[in-house]
>>> print(open('protein.txt').read())   # compact mmCIF, C-alpha atoms
# COMPACT_ATOMS: atom_id res chain seq x y z
CA MET A 1 -3.15 -17.52 -8.06
CA CYS A 2 -0.46 -17.89 -5.42
CA VAL A 3 -1.94 -19.28 -2.21
CA THR A 4 0.75 -17.67 -0.09
CA CYS A 5 0.20 -14.02 -0.86
CA GLY A 6 -2.87 -14.14 -3.08
CA CYS A 7 -1.24 -12.43 -6.04
CA GLY A 8 -1.14 -13.49 -9.67
CA GLU A 9 2.21 -14.87 -10.76
CA THR A 10 4.65 -12.11 -11.54
CA GLN A 11 6.39 -12.32 -14.91
CA THR A 12 9.77 -11.53 -13.36
CA LEU A 13 10.21 -15.01 -11.87
CA ALA A 14 12.48 -17.08 -14.11
CA ALA A 15 12.85 -20.85 -14.10
CA ALA A 16 15.79 -21.78 -11.92
CA GLY A 17 16.71 -24.81 -14.03
CA PRO A 18 17.28 -28.35 -12.84
CA ALA A 19 17.99 -28.37 -9.15
CA PRO A 20 16.95 -30.38 -6.13
CA THR A 21 13.58 -29.23 -4.90
CA HIS A 22 14.00 -27.00 -1.87
CA ALA A 23 11.31 -25.37 0.14
CA VAL A 24 11.76 -22.12 1.95
CA HIS A 25 10.21 -22.05 5.36
CA ALA A 26 10.10 -19.19 7.79
CA HIS A 27 9.69 -20.12 11.39
CA GLN A 28 9.26 -18.08 14.49
CA HIS A 29 11.59 -18.18 17.46
CA ALA A 30 10.28 -17.89 21.00
CA ASP A 31 11.07 -14.18 21.13
CA GLY A 32 8.93 -13.51 18.07
CA HIS A 33 11.94 -13.37 15.74
CA TRP A 34 11.39 -14.88 12.28
CA GLN A 35 14.14 -16.56 10.32
CA SER A 36 14.07 -18.07 6.92
CA HIS A 37 16.54 -20.36 5.22
CA PRO A 38 16.24 -22.77 2.34
CA HIS A 39 16.38 -26.48 3.16
CA GLU A 40 15.48 -29.71 1.41
CA HIS A 41 11.97 -30.94 1.93
CA GLU A 42 9.45 -33.28 0.39
CA HIS A 43 6.61 -30.97 -0.33
CA GLU A 44 3.24 -31.24 -1.98
CA HIS A 45 2.22 -28.16 -3.85
CA GLU A 46 -1.50 -27.53 -3.89
CA HIS A 47 -1.37 -24.93 -6.58
CA GLU A 48 0.02 -24.68 -10.07
CA HIS A 49 2.76 -22.32 -11.08
CA GLU A 50 3.74 -21.32 -14.57
CA HIS A 51 7.39 -21.34 -13.55
CA ASP A 52 9.79 -23.65 -11.78
CA LEU A 53 9.66 -22.97 -8.05
CA ALA A 54 12.85 -24.83 -7.22
CA VAL A 55 15.25 -22.80 -5.18
CA ALA A 56 18.70 -22.79 -6.73
CA ALA A 57 21.25 -24.27 -4.37
CA SER A 58 22.34 -21.28 -2.33
CA HIS A 59 25.94 -20.44 -1.79
CA HIS A 60 26.42 -20.13 1.95
CA HIS A 61 29.72 -19.06 3.36
CA ASP A 62 28.89 -21.09 6.48
CA HIS A 63 29.65 -24.34 4.67
CA ALA A 64 33.38 -23.92 4.88
CA THR A 65 34.03 -27.54 3.94
CA GLU A 66 32.51 -27.19 0.45
CA PRO A 67 34.99 -27.45 -2.36
CA GLY A 68 35.71 -24.45 -4.49
CA HIS A 69 35.97 -21.86 -1.72
CA ARG A 70 38.73 -19.43 -2.34
CA HIS A 71 39.13 -18.17 1.21
CA ALA A 72 40.41 -20.08 4.21
CA PRO A 73 37.79 -22.36 5.78
CA GLY A 74 35.90 -20.69 8.62
CA VAL A 75 37.05 -17.18 7.63
CA ARG A 76 34.43 -14.91 6.22
CA ALA A 77 35.07 -11.28 5.42
CA THR A 78 31.73 -9.67 5.87
CA ARG A 79 30.58 -6.28 7.05
CA ARG A 80 27.31 -4.69 8.02
CA VAL A 81 25.72 -1.98 5.93
CA GLN A 82 23.03 0.11 7.60
CA ILE A 83 19.96 0.85 5.52
CA GLU A 84 17.37 2.03 8.08
CA GLN A 85 14.65 2.72 5.53
CA ASP A 86 10.96 1.96 5.27
CA ILE A 87 10.45 -0.97 2.91
CA LEU A 88 8.04 1.16 0.91
CA ALA A 89 10.22 4.28 1.01
CA LYS A 90 10.39 4.48 -2.78
CA ASN A 91 6.63 4.34 -3.19
CA ASN A 92 6.28 6.94 -0.43
CA THR A 93 8.70 9.25 -2.25
CA TYR A 94 6.65 9.06 -5.45
CA ALA A 95 3.50 9.56 -3.38
CA GLN A 96 4.91 12.68 -1.74
CA ALA A 97 5.85 14.08 -5.17
CA ASN A 98 2.27 13.46 -6.32
CA ARG A 99 0.90 15.04 -3.14
CA GLN A 100 3.06 18.16 -3.61
CA MET A 101 2.08 18.56 -7.26
CA LEU A 102 -1.62 18.24 -6.37
CA ALA A 103 -1.30 20.71 -3.48
CA ASP A 104 0.49 23.21 -5.73
CA ARG A 105 -2.58 23.16 -7.97
CA SER A 106 -5.20 23.05 -5.17
CA ILE A 107 -6.47 19.70 -6.41
CA LEU A 108 -8.30 17.44 -3.92
CA ALA A 109 -7.34 13.82 -4.65
CA LEU A 110 -9.32 10.88 -3.24
CA ASN A 111 -8.31 7.21 -3.46
CA LEU A 112 -11.48 5.09 -3.82
CA VAL A 113 -11.05 1.55 -2.51
CA SER A 114 -13.45 -1.37 -2.16
CA SER A 115 -14.21 -4.94 -3.15
CA PRO A 116 -14.95 -5.46 -6.83
CA GLY A 117 -18.63 -4.75 -7.53
CA SER A 118 -19.39 -2.25 -4.76
CA GLY A 119 -20.56 0.35 -7.26
CA LYS A 120 -17.49 2.65 -7.45
CA THR A 121 -17.71 3.43 -11.15
CA THR A 122 -21.47 4.07 -11.10
CA LEU A 123 -21.00 6.30 -8.06
CA LEU A 124 -18.30 8.24 -9.92
CA CYS A 125 -20.53 8.73 -12.98
CA GLU A 126 -23.36 10.01 -10.78
CA THR A 127 -20.98 12.28 -8.84
CA ILE A 128 -19.62 13.78 -12.07
CA ALA A 129 -23.14 14.37 -13.36
CA ARG A 130 -23.97 16.37 -10.23
CA LEU A 131 -20.67 18.25 -9.76
CA GLY A 132 -19.98 19.00 -13.41
CA ALA A 133 -17.63 17.16 -15.77
CA ASP A 134 -15.17 20.07 -15.84
CA GLN A 135 -14.74 19.78 -12.05
CA VAL A 136 -13.61 16.16 -11.97
CA ALA A 137 -10.83 14.05 -13.49
CA VAL A 138 -10.49 10.32 -12.93
CA ILE A 139 -7.64 7.82 -12.87
CA GLU A 140 -8.98 4.28 -13.28
CA GLY A 141 -7.14 1.17 -12.09
CA ASP A 142 -8.02 -2.33 -13.28
CA GLN A 143 -6.06 -5.42 -14.18
CA GLN A 144 -7.36 -5.32 -17.75
CA THR A 145 -9.59 -3.32 -20.13
CA SER A 146 -10.40 0.35 -20.31
CA ARG A 147 -14.11 -0.23 -19.76
CA ASP A 148 -14.29 1.87 -16.58
CA ALA A 149 -12.38 4.82 -18.09
CA ASP A 150 -14.67 4.61 -21.14
CA ARG A 151 -17.75 4.81 -18.90
CA ILE A 152 -16.32 7.87 -17.15
CA ARG A 153 -15.46 9.59 -20.43
CA VAL A 154 -19.12 9.28 -21.52
CA THR A 155 -19.94 11.77 -18.75
CA GLY A 156 -17.56 14.31 -20.33
CA ALA A 157 -14.95 14.13 -17.59
CA ALA A 158 -11.29 13.43 -18.38
CA ALA A 159 -10.30 9.87 -17.49
CA LEU A 160 -7.13 7.85 -17.84
CA GLN A 161 -6.95 4.06 -17.42
CA ILE A 162 -4.02 2.25 -15.79
CA ASN A 163 -3.92 -1.50 -16.44
CA THR A 164 -1.92 -3.26 -13.77
CA GLY A 165 -1.76 -6.56 -15.65
CA LYS A 166 -1.03 -9.11 -12.94
CA GLY A 167 -0.84 -6.43 -10.29
CA CYS A 168 -3.52 -6.06 -7.64
CA HIS A 169 -3.15 -2.44 -6.58
CA LEU A 170 -2.16 0.94 -7.97
CA ASP A 171 1.19 2.36 -6.88
CA ALA A 172 2.38 5.95 -6.65
CA GLN A 173 4.77 5.72 -9.58
CA ALA A 174 2.00 4.61 -11.96
CA VAL A 175 -0.28 7.36 -10.64
CA GLY A 176 2.50 9.91 -11.14
CA HIS A 177 2.79 8.90 -14.80
CA ALA A 178 -0.98 9.20 -15.19
CA LEU A 179 -1.00 12.65 -13.59
CA ALA A 180 1.49 13.84 -16.20
CA HIS A 181 -0.89 12.81 -18.98
CA LEU A 182 -4.21 13.89 -17.55
CA ALA A 183 -5.89 17.25 -18.20
CA LEU A 184 -6.25 18.60 -14.66
CA ALA A 185 -7.81 21.94 -13.84
CA ASP A 186 -6.55 23.90 -10.84
CA GLY A 187 -8.94 23.67 -7.91
CA SER A 188 -10.64 20.55 -9.29
CA LEU A 189 -11.31 17.08 -7.90
CA LEU A 190 -9.20 14.04 -8.80
CA MET A 191 -10.79 10.66 -8.16
CA ILE A 192 -8.47 7.64 -8.24
CA GLU A 193 -10.54 4.49 -8.57
CA ASN A 194 -8.21 1.78 -7.28
CA VAL A 195 -8.26 -1.86 -8.34
CA GLY A 196 -11.21 -3.64 -6.70
CA ASN A 197 -9.38 -5.24 -3.76
CA LEU A 198 -9.95 -4.81 -0.02
CA VAL A 199 -6.48 -6.03 0.93
CA CYS A 200 -3.45 -4.71 -0.96
CA PRO A 201 -4.28 -1.06 -1.74
CA ALA A 202 -4.43 -0.28 2.00
CA ALA A 203 -0.67 0.02 2.35
CA PHE A 204 0.11 1.90 -0.83
CA ASP A 205 0.08 5.68 -0.52
CA LEU A 206 -0.67 7.23 -3.91
CA GLY A 207 -0.38 10.85 -2.78
CA GLU A 208 -4.09 11.19 -2.10
CA ALA A 209 -5.65 13.45 0.55
CA HIS A 210 -7.91 10.64 1.80
CA LYS A 211 -8.82 7.05 1.13
CA VAL A 212 -12.58 6.55 0.73
CA VAL A 213 -13.74 2.95 1.31
CA ILE A 214 -16.96 1.92 -0.42
CA LEU A 215 -18.97 -0.92 1.06
CA SER A 216 -22.28 -2.02 -0.43
CA VAL A 217 -25.25 -3.53 1.40
CA THR A 218 -24.99 -6.68 -0.71
CA GLU A 219 -21.73 -7.50 1.10
CA GLY A 220 -21.50 -8.79 4.68
CA GLU A 221 -21.92 -6.40 7.62
CA ASP A 222 -18.69 -7.77 9.11
CA LYS A 223 -16.48 -6.73 6.18
CA PRO A 224 -14.74 -4.09 8.36
CA LEU A 225 -13.68 -6.74 10.87
CA LYS A 226 -12.49 -9.08 8.16
CA TYR A 227 -10.49 -6.38 6.32
CA PRO A 228 -9.47 -4.06 9.15
CA ASP A 229 -6.39 -2.58 7.50
CA MET A 230 -8.43 -1.04 4.71
CA PHE A 231 -11.09 0.39 7.01
CA ARG A 232 -8.38 1.76 9.27
CA ALA A 233 -6.61 3.42 6.34
CA ALA A 234 -9.78 5.19 5.16
CA SER A 235 -11.12 8.54 6.40
CA LEU A 236 -14.61 8.10 4.95
CA MET A 237 -16.82 5.09 4.32
CA LEU A 238 -19.67 5.15 1.82
CA LEU A 239 -22.35 2.52 2.42
CA ASN A 240 -23.74 2.14 -1.11
CA LYS A 241 -26.84 0.55 -2.70
CA ILE A 242 -29.12 1.40 0.24
CA ASP A 243 -32.04 1.36 -2.20
CA LEU A 244 -31.77 -2.45 -2.02
CA LEU A 245 -32.28 -2.62 1.78
CA PRO A 246 -36.00 -3.61 1.56
CA TYR A 247 -34.94 -6.77 -0.32
CA LEU A 248 -32.13 -7.80 2.03
CA ASN A 249 -31.64 -8.92 5.63
CA TYR A 250 -28.89 -6.37 6.13
CA ASP A 251 -28.23 -4.94 9.58
CA VAL A 252 -27.05 -1.38 8.89
CA SER A 253 -26.36 -0.52 12.53
CA ALA A 254 -24.14 -3.62 12.87
CA ALA A 255 -22.14 -2.61 9.80
CA LEU A 256 -21.67 0.91 11.19
CA ALA A 257 -20.69 -0.44 14.62
CA TYR A 258 -18.09 -2.84 13.15
CA ALA A 259 -16.65 -0.04 11.03
CA LYS A 260 -16.37 2.30 14.02
CA ARG A 261 -14.80 -0.42 16.10
CA VAL A 262 -11.96 -0.81 13.64
CA ASN A 263 -11.69 2.94 12.99
CA PRO A 264 -13.48 5.20 15.48
CA ALA A 265 -12.64 8.31 13.46
CA LEU A 266 -14.24 6.94 10.28
CA LYS A 267 -16.91 9.23 8.81
CA ILE A 268 -19.79 7.29 7.28
CA ILE A 269 -22.31 8.30 4.61
CA GLN A 270 -25.12 6.01 3.48
CA LEU A 271 -26.22 6.47 -0.10
CA SER A 272 -27.54 5.04 -3.31
CA ALA A 273 -25.74 6.04 -6.49
CA THR A 274 -28.69 4.85 -8.60
CA THR A 275 -31.59 6.53 -6.77
CA GLY A 276 -29.67 9.58 -5.53
CA GLN A 277 -30.56 9.03 -1.88
CA GLY A 278 -27.75 10.33 0.38
CA MET A 279 -25.81 11.78 -2.58
CA GLU A 280 -26.19 15.34 -1.28
CA ALA A 281 -24.21 14.52 1.90
CA TRP A 282 -21.45 13.03 -0.29
CA LEU A 283 -21.39 16.08 -2.56
CA THR A 284 -21.22 18.37 0.48
CA TYR A 285 -18.20 16.40 1.71
CA LEU A 286 -16.56 16.86 -1.70
CA ARG A 287 -17.32 20.55 -2.00
CA GLU A 288 -16.11 21.24 1.54
CA GLY A 289 -12.94 19.27 0.82
CA MET A 290 -12.27 21.19 -2.37
CA ALA A 291 -12.84 24.51 -0.60
CA ALA A 292 -10.48 23.50 2.22
CA THR A 293 -7.82 22.44 -0.29
CA HIS A 294 -8.12 25.78 -2.04
CA ALA A 295 -8.01 27.70 1.27
CA ALA A 296 -4.93 25.76 2.42
CA ARG A 297 -3.10 26.88 -0.67
CA GLN A 298 -3.96 30.59 -0.35
CA PRO A 299 -1.24 31.63 2.13
CA THR A 300 1.38 30.08 -0.18
CA VAL A 301 -0.16 31.75 -3.23
CA GLN A 302 -0.22 35.11 -1.48
CA ALA A 303 3.37 34.70 -0.33
CA LEU A 304 4.43 33.81 -3.85
CA GLN A 305 2.55 36.77 -5.33
CA ALA A 306 4.19 39.09 -2.83
CA ARG A 307 7.57 37.67 -3.80
CA VAL A 308 6.83 38.16 -7.51
CA THR A 309 5.87 41.79 -6.86
CA GLU A 310 9.07 42.28 -4.89
CA LEU A 311 11.23 40.76 -7.63
CA GLU A 312 9.51 42.83 -10.32
CA ALA A 313 10.27 45.97 -8.29
CA GLN A 314 13.90 44.92 -8.01
CA LEU A 315 14.14 44.27 -11.74
CA ALA A 316 12.51 47.63 -12.50
CA GLY A 317 15.05 49.29 -10.17
CA ARG A 318 18.01 47.64 -11.94
CA ALA A 319 16.72 48.50 -15.38
CA LYS A 320 17.11 52.22 -14.70
CA MET B 1 -0.69 -7.28 2.05
CA HIS B 2 1.20 -7.67 -1.13
CA GLU B 3 4.31 -9.54 -0.08
CA MET B 4 5.73 -9.76 -3.59
CA SER B 5 5.78 -5.95 -3.90
CA LEU B 6 7.39 -5.71 -0.47
CA ALA B 7 10.06 -8.28 -1.38
CA GLU B 8 10.83 -6.40 -4.59
CA ALA B 9 11.07 -3.17 -2.61
CA VAL B 10 13.51 -4.80 -0.14
CA LEU B 11 15.62 -5.99 -3.07
CA GLN B 12 15.67 -2.45 -4.50
CA HIS B 13 17.00 -1.10 -1.20
CA ILE B 14 19.71 -3.77 -1.31
CA GLU B 15 20.64 -3.05 -4.93
CA ASP B 16 20.77 0.71 -4.20
CA ALA B 17 23.13 -0.04 -1.29
CA ALA B 18 25.24 -2.31 -3.54
CA ARG B 19 25.73 0.55 -5.99
CA ARG B 20 26.68 2.95 -3.19
CA ASP B 21 28.83 0.55 -1.17
CA SER B 22 30.21 -1.76 -3.89
CA PHE B 23 29.60 -5.21 -2.45
CA HIS B 24 28.95 -8.37 -4.45
CA GLN B 25 27.10 -10.72 -2.14
CA VAL B 26 24.53 -10.30 0.57
CA VAL B 27 24.81 -12.82 3.40
CA ALA B 28 21.94 -11.65 5.59
CA VAL B 29 19.14 -9.09 5.66
CA TRP B 30 17.52 -7.71 8.83
CA LEU B 31 13.97 -6.44 8.56
CA GLU B 32 11.96 -4.88 11.38
CA ILE B 33 8.30 -5.77 11.00
CA GLY B 34 5.74 -4.32 13.39
CA GLN B 35 3.35 -6.78 14.99
CA LEU B 36 0.45 -4.77 13.56
CA ALA B 37 1.96 -4.41 10.09
CA ALA B 38 -0.08 -5.74 7.21
CA VAL B 39 2.35 -8.47 6.17
CA ALA B 40 2.59 -12.24 6.58
CA PRO B 41 6.22 -13.11 7.45
CA ASP B 42 6.29 -16.54 5.80
CA ALA B 43 4.78 -15.14 2.62
CA LEU B 44 7.40 -12.39 2.65
CA ALA B 45 10.18 -14.96 3.11
CA PHE B 46 8.79 -16.99 0.22
CA CYS B 47 8.64 -13.95 -2.06
CA PHE B 48 12.06 -12.68 -0.96
CA ASP B 49 13.62 -15.97 -1.92
CA ALA B 50 11.89 -15.86 -5.29
CA VAL B 51 12.78 -12.29 -6.25
CA THR B 52 16.43 -12.46 -5.16
CA ARG B 53 17.37 -15.36 -7.44
CA GLY B 54 20.09 -14.21 -9.83
CA THR B 55 20.70 -11.03 -7.83
CA VAL B 56 23.34 -9.88 -5.37
CA ALA B 57 21.01 -11.01 -2.58
CA GLN B 58 20.54 -14.57 -3.80
CA GLY B 59 20.73 -17.03 -0.91
CA ALA B 60 20.76 -14.29 1.71
CA ARG B 61 19.42 -15.24 5.12
CA LEU B 62 16.31 -13.17 5.90
CA GLU B 63 15.94 -12.19 9.56
CA MET B 64 12.66 -10.58 10.57
CA VAL B 65 12.65 -8.87 13.94
CA THR B 66 9.13 -8.38 15.26
CA LEU B 67 8.49 -5.04 16.91
CA PRO B 68 5.65 -5.05 19.43
CA GLY B 69 2.35 -3.33 18.78
CA GLN B 70 1.21 -0.61 21.15
CA GLY B 71 -1.89 1.46 21.50
CA TRP B 72 -3.28 4.29 23.57
CA CYS B 73 -6.29 3.51 25.76
CA ALA B 74 -8.25 6.68 26.49
CA SER B 75 -10.11 5.01 29.37
CA CYS B 76 -6.92 3.86 31.13
CA ASN B 77 -4.98 6.95 30.05
CA ALA B 78 -2.06 4.66 29.23
CA VAL B 79 -0.16 2.95 26.44
CA VAL B 80 -0.97 -0.77 26.36
CA PRO B 81 0.29 -3.70 24.27
CA MET B 82 -1.65 -4.60 21.12
CA SER B 83 -1.29 -7.70 18.97
CA ALA B 84 -4.09 -6.98 16.48
CA VAL B 85 -5.43 -3.70 15.16
CA TYR B 86 -8.89 -4.01 16.64
CA ASP B 87 -7.84 -5.40 20.00
CA ALA B 88 -9.67 -4.29 23.10
CA CYS B 89 -7.60 -2.87 25.96
CA PRO B 90 -5.99 -5.76 27.89
CA ARG B 91 -6.51 -3.87 31.16
CA CYS B 92 -10.03 -2.51 31.01
CA GLY B 93 -11.51 -4.24 27.96
CA GLY B 94 -12.36 -0.89 26.42
CA HIS B 95 -12.03 -0.08 22.78
CA PRO B 96 -11.10 1.48 20.50
CA LEU B 97 -7.38 1.71 21.07
CA ARG B 98 -5.42 4.26 19.07
CA VAL B 99 -2.38 2.53 17.55
CA THR B 100 0.88 4.20 18.63
CA ALA B 101 3.48 1.65 17.48
CA GLY B 102 3.91 -1.56 15.54
CA THR B 103 2.69 -0.87 12.01
CA GLY B 104 6.06 -0.19 10.40
CA MET B 105 8.11 -2.32 8.00
CA ARG B 106 11.78 -1.38 7.72
CA VAL B 107 14.97 -2.65 6.21
CA ARG B 108 17.37 -2.19 9.11
CA GLU B 109 20.71 -3.47 7.89
CA ILE B 110 22.40 -6.08 5.73
CA GLU B 111 25.52 -8.23 6.07
CA VAL B 112 27.59 -8.25 2.93
CA ALA B 113 30.75 -9.79 1.54
CA GLY B 114 33.08 -8.46 -1.12
>>> encode(input="protein.txt", output="structure tokens")
Amino acid sequence: MCVTCGCGETQTLAAAGPAPTHAVHAHQHADGHWQSHPHEHEHEHEHEHEHDLAVAASHHHDHATEPGHRHAPGVRATRRVQIEQDILAKNNTYAQANRQMLADRSILALNLVSSPGSGKTTLLCETIARLGADQVAVIEGDQQTSRDADRIRVTGAAALQINTGKGCHLDAQAVGHALAHLALADGSLLMIENVGNLVCPAAFDLGEAHKVVILSVTEGEDKPLKYPDMFRAASLMLLNKIDLLPYLNYDVSAALAYAKRVNPALKIIQLSATTGQGMEAWLTYLREGMAATHAARQPTVQALQARVTELEAQLAGRAK
Amino acid sequence: MHEMSLAEAVLQHIEDAARRDSFHQVVAVWLEIGQLAAVAPDALAFCFDAVTRGTVAQGARLEMVTLPGQGWCASCNAVVPMSAVYDACPRCGGHPLRVTAGTGMRVREIEVAG
């Protein structure tokens, strides 16, 4: 695992070949401006990499005295190209396409995020059992295996597994592919169970209506403070495994207070997927969401139906 | 945040621009990173260097301009500076603050040759 960004090594990094070892450092100027440039450094690496981390000697036009330059020393023909785009613009475009497709079919999509082991898959199975397998489809995200999708399919609901390999979060393009291959009923519920990770999924829009963060009482009460981006990105928090409270020293009111401090608008439902306690409030949230999604679509449907009627009348008129 | 994905996304913007604008070498890249954005600048620099090897952006200087975070304090009825997402109001100590600026991550412009 890379200690800098916490990810697994990506396969796209190729060995740079024999080269002096350079380290890339970014440092901050007094005005808060960061600059990075490669420079030689003796450096101890604390972690192992499968690939050669050496930075290939960079070709800088600034070094006008280097041999082999074709242009006159000190002269550099460069120009600025404006980009002015969000770094994640591409993901956001795929996400918007997903969102539009789901809206067109009145499908409520929720992105379930949490640490690994919070009880997401069990909660999904119990939710499907209560709502009806024909009402729910699931996209599962894990690094490896289809074990979660298999568990969902046992309930009778349609499920599709995405394996991210080394990746630590689902992205909108992968979800878009999955949507094309999943049997989705109009007016149904789509649950996207993201990779168990309280960090990375926060910034990746998949096209969902809401992110639902699941925290269990076997985790620390201060999780929301430690992972604020995720709790800020969510609209609803489910505090799961409350049946275990008699066996723990868990301060529920502290957990709720920390969550509200990071995100004052966060709705919170306490439940136990295994005993059923609190599940009714969760199901009400889902049913109300599905009804609202359906209602939001109605004006468009009516407008389209009116247009179809109008066009049919025109065609009938021309046929005479 | 996932800095490797972000670095790859920055490279894609650059390669899209290279196709449109026909340049062969990127000299510098300007990013605008909000103070409240979920990204670690040195991790991003590290990943940018790694993903751009063998590409039109190899060796490019990465400049990250930090944009300040701002939030709305309902108690003060004013916009106040924020450096972390769960900051209390620097004037009255109240919280929560509603974030109004500083979470974005943008590729602003690049300097190219050829």
>>> atom_distance(input="protein.txt", atom1="CA of His24 in chain B", atom2="CA of Arg79 in chain A")
11.8 Å
>>> closest_residue(input="protein.txt", among="B:Glu15, B:Leu44, B:Thr55, B:Ser83", to="chain A", atoms="only C-alpha atoms")
B:Leu44
>>> residues_around(input="protein.txt", residues="Ala185 in chain A", least_positions_apart="2", cutoff="12 Å", atoms="all atoms listed in the file", output="ChimeraX atom specification")
/A:102,104-108,133-138,157-158,179,182-183,187-190
>>> interface_residues(input="protein.txt", of="chain B", to="chain A", cutoff="6 Å", atoms="all atoms listed in the file", output="ChimeraX atom specification")
/B:1-2,9-10,42-43,59,61-66,86,105-113
>>> closest_residue(input="protein.txt", among="B:Ala38, B:Pro96, B:Gln25, B:Asn77", to="Ala259 in chain A", atoms="only C-alpha atoms")
B:Pro96
>>> residues_near_point(input="protein.txt", point="(-9.2, 5.7, 7.3)", cutoff="9 Å", atoms="all atoms listed in the file", output="number ranges by chain")
A: 210-213, 229-237, 263, 265-267
>>> write_last_selection(input="protein.txt", atoms="C-alpha atoms", output="compact mmCIF listing (two decimals), keeping the file's coordinate frame")
# COMPACT_ATOMS: atom_id res chain seq x y z
CA HIS A 210 -7.91 10.64 1.80
CA LYS A 211 -8.82 7.05 1.13
CA VAL A 212 -12.58 6.55 0.73
CA VAL A 213 -13.74 2.95 1.31
CA ASP A 229 -6.39 -2.58 7.50
CA MET A 230 -8.43 -1.04 4.71
CA PHE A 231 -11.09 0.39 7.01
CA ARG A 232 -8.38 1.76 9.27
CA ALA A 233 -6.61 3.42 6.34
CA ALA A 234 -9.78 5.19 5.16
CA SER A 235 -11.12 8.54 6.40
CA LEU A 236 -14.61 8.10 4.95
CA MET A 237 -16.82 5.09 4.32
CA ASN A 263 -11.69 2.94 12.99
CA ALA A 265 -12.64 8.31 13.46
CA LEU A 266 -14.24 6.94 10.28
CA LYS A 267 -16.91 9.23 8.81
>>> atom_distance(input="protein.txt", atom1="CA of Gly165 in chain A", atom2="CA of Cys47 in chain B")
18.6 Å
>>> atom_distance(input="protein.txt", atom1="CA of Val175 in chain A", atom2="CA of Arg99 in chain A")
10.8 Å
>>> residues_around(input="protein.txt", residues="range 191-193 of chain A", least_positions_apart="5", cutoff="8 Å", atoms="only C-alpha atoms", output="JSON list (two decimals) with C-alpha atoms, keeping the file's coordinate frame")
[["chain", "number", "residue", "atom", "x", "y", "z"],
["A", 109, "ALA", "CA", -7.34, 13.82, -4.65],
["A", 110, "LEU", "CA", -9.32, 10.88, -3.24],
["A", 111, "ASN", "CA", -8.31, 7.21, -3.46],
["A", 112, "LEU", "CA", -11.48, 5.09, -3.82],
["A", 113, "VAL", "CA", -11.05, 1.55, -2.51],
["A", 120, "LYS", "CA", -17.49, 2.65, -7.45],
["A", 121, "THR", "CA", -17.71, 3.43, -11.15],
["A", 136, "VAL", "CA", -13.61, 16.16, -11.97],
["A", 137, "ALA", "CA", -10.83, 14.05, -13.49],
["A", 138, "VAL", "CA", -10.49, 10.32, -12.93],
["A", 139, "ILE", "CA", -7.64, 7.82, -12.87],
["A", 140, "GLU", "CA", -8.98, 4.28, -13.28],
["A", 141, "GLY", "CA", -7.14, 1.17, -12.09]]
>>> residues_around(input="protein.txt", residues="Gln70 in chain B", least_positions_apart="2", cutoff="6 Å", atoms="all atoms listed in the file", output="VMD selection string")
chain B and resid 80 to 82 99 to 101
>>> closest_residue(input="protein.txt", among="B:Met4, B:Leu67, B:Leu97, B:Val79", to="Gln35 in chain B", atoms="all atoms listed in the file")
B:Leu67
